[in-house]
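Here is the structure we will look at.
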Amino acid sequence: MSPRRAFRRYSLFLLPAAVLAGAPALAAPTVSRLTPPSELFANNRPAPVIARFLPGQRFDLQATLRPDADSKSIVSARFAIDGKPLDVPLSLRDCASGCLAGIPKNAAIASLRAISVSQPGVHTFSVTASQSDGQTVTASGNFEVMPLLAGGRKVRNIVILLGDGMGAAQRTAARIVAGGYAQGKVITPLAMDSFPVTGLVKTASLNSVVTDSSPGMTGYVSGNKNNNNEEGVFPDDTSDPFDNPRIEYLSEYLHRTQGKALGLVTTADVFDATPAGNAVHTSNRGAGTGIVDQYLDDRGLTGLTVLMGGGRKWFLPAATPGSARSERNDYAFAPDTPHTGEIVRRWGAAPGQLDKDRNLLADFQAAGFRYAADKTALDAIDPAGTDRLLGLFAYSNMNVALDKIDGRRGKAQGINGRVVDDYGFPDQPMLDEMTDKALAVLERQKKGFVLLVEGASIDKQAHNMDTERWLLDTIEFDRTIRRVQEFARRRGDTLVIVTADHECSGAALIGGSRVSDARLQELVREGGTANVRDKVVGIYEQAGFPKYRIAGDGYPETTDIDYRLLVGYGANADRHEDWRSNERPLQDGQQPFVKQEPLAAYPANAVARDAAGQFLVTGQVPGESAVHTATDVPLSAFGPGAWAFTGVMDNTDVFFRVAQATLGGVILPEGLFAPGSHSGKRTPRQ
Ligand SMILES: [Zn+2]
């Protein structure tokens, strides 16, 4: 609902009966937004409860308050929970500047920062405000504090493996290609298929059934819904993307209460939504300079110990070629201003600084992080002497598995000029290699750790409808899952979760090619739908079982096999399709040198690619990219506590089940599924 509609509806709700009966209007101030979000406030119904927290988990209260006339102003506000006023410094910021369009200049934003509630159950909270003529308004919302039950032993380490955009089709495709089928049965199962428990996850965000990666991640690690593009915050009415009401992350909660460390490993640019959605609080996932600064400056809150991926462009001073640092996407809190000053004082957050010339790479190293710029340097780091680790293997997103493997195979034969060479990063590690090193460093942490591992380009290449590139990235991701599974099996105290933030592209395994690759190339040369579609696409039993041969490095010898697997897209933009592997990826607009040769010669979009075959597949969505879908995604779990992750879950449920296994202790299946379960003894807040 738009703030304006909420405002109108709520003001009607507040009108005294005399007004409704036609008496002269008695004006009063109004509350147009109340945070945390609730159905009680928005639609005057007590359920479903939207915001949920752990006992003691911190979050902000906020209200947007509007006087009833331009001549008046809001002079005071106070918050209460269950009728009891809160003894926390309140900030009241006016909207003379820096508020969203449509918010009157004499509106005010009232905030209470970093509060928490320990008593489980549904709580009602309220704001009462008065304007300059003495008239007042009160509005209420609700939230729930989830109980921690007394369980068995407690999980020490948590590893969340997030295949960005990895729906059931992407998983199945990896299984068909890497595992192979014999008479209808899989020959070599995927690691993720061997996990004992699998469920389905509902992925909607606070403001859409179709999420992007920011709220898709933060649902898992904050227990709450965020708007699209928002990370670890609730929406607000100011234009500053770093001042939104915050929600304490799993990493922050476990670091504060248990001393656990945080590791983030991704094949994306490290500023990207999935890694940032574990440690950074902002309503703008694109605010790169501020995001990477917050990683370092707020490591005392998150316990950040390992950070690996691409994204070097944010760590170089603005004058350095390739740098993307800019004051436009940075932040600086004014400590003298209560509105942001209380974020610093109450949360203990760093105030930030507009510092495009900062050498963040040097600052990380000064803070004790060992730095690896390529695979060779990463291999050379001995975990035994390493407390903190930073790896930045590309300017922005790393190259995908297909191109990294192609580069390695080329090098072995003395061939250069492959995609990784064009990017200038010929020696990038695979995701499993990064994860091995991260686990070795984090295992030395005395209190345990939370590790997020992202297979990022499953999503990015599904957007590009580049089948073989997301396919090999899913295989790379599963090879990583196997390494984590071996770690967890050896230790016995590590909970491993494999899931996705959302599906991407509406990928569908539509069948198999009816022709050899040589014949396919002839048909593409001849061109036209009658050749490239009708003579190629084999459906039902024509698809058979595509047979890919896996090389010693774990990846297909070639993806251009005879009678290959064919993939269609249900959430697609226009594209040309020739069913063959694309020699080069599409241009990546996040790369700093993308407009220069050799990257400028890469195809700009999926219509510019494969045009020779003249088989145009028109899409249902506008623009150049396939899009995320609202379809549920699978989640598989391994290790102690895994049994809790079954059924059809909301993404925010995952957070509370992880917390239960970590803080309350593992609850065995009988305890989970027996009638009357969850009525057992509740543990008091530790
Ligand atoms: Zn995406």
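Letters for chains follow the order of the structure tokens (A, B, ...), residue numbers begin at 1 for each chain, and ligand numbers begin at 1 in the order shown.
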
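Once only C-alpha atoms and all ligand atoms are used for the distance check, the residues close to ligand 1 at 9 Å turn out to be Asp164, Gly165, Asp212, Ser213, Ala456, Ser457, Ile458, Asp459, Lys460, Gln461, Ala462, His463, His502, Glu503, Cys504, Ser505, Ala626, Val627 and His628 of chain A.
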
Next item on the list: Give me every alpha helix (DSSP H) residue in segment 242-454 of chain A, going by DSSP on the backbone, as a PyMOL selection string.
Entry: chain A and resi 250-258+273-276+288-297+299-302+338-347+360-366+375-380+401-412+419-423+431-442

Next item on the list: Work out how far apart atom CA of Ala380 of chain A and atom CA of Gln365 of chain A are and give it in Å to one decimal.
Entry: 16.5 Å

Notebook entry, point to check: Hey, what's within 6 Å of segment 249-258 of chain A if we count only C-alpha atoms and toss same-chain stuff fewer than 4 positions away? As a count of residues only, please?
Noted result: 5

Next item on the list: Would you mind telling me which residue in A:Leu149, A:Leu61, A:Val49, A:Val532 lies nearest to Ala659 of chain A when using only C-alpha atoms?
Entry: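 Checking each of A:Leu149, A:Leu61, A:Val49, A:Val532 against Ala659 of chain A, counting only C-alpha atoms, the winner is A:Leu149.
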
Note to self: I need the residue nearest Leu360 of chain A from this list: A:Gln294, A:Asn226, A:Asn244, A:Thr124. Use only C-alpha atoms for the distance.
What the structure shows: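 Counting only C-alpha atoms, the residue closest to Leu360 of chain A is A:Gln294.
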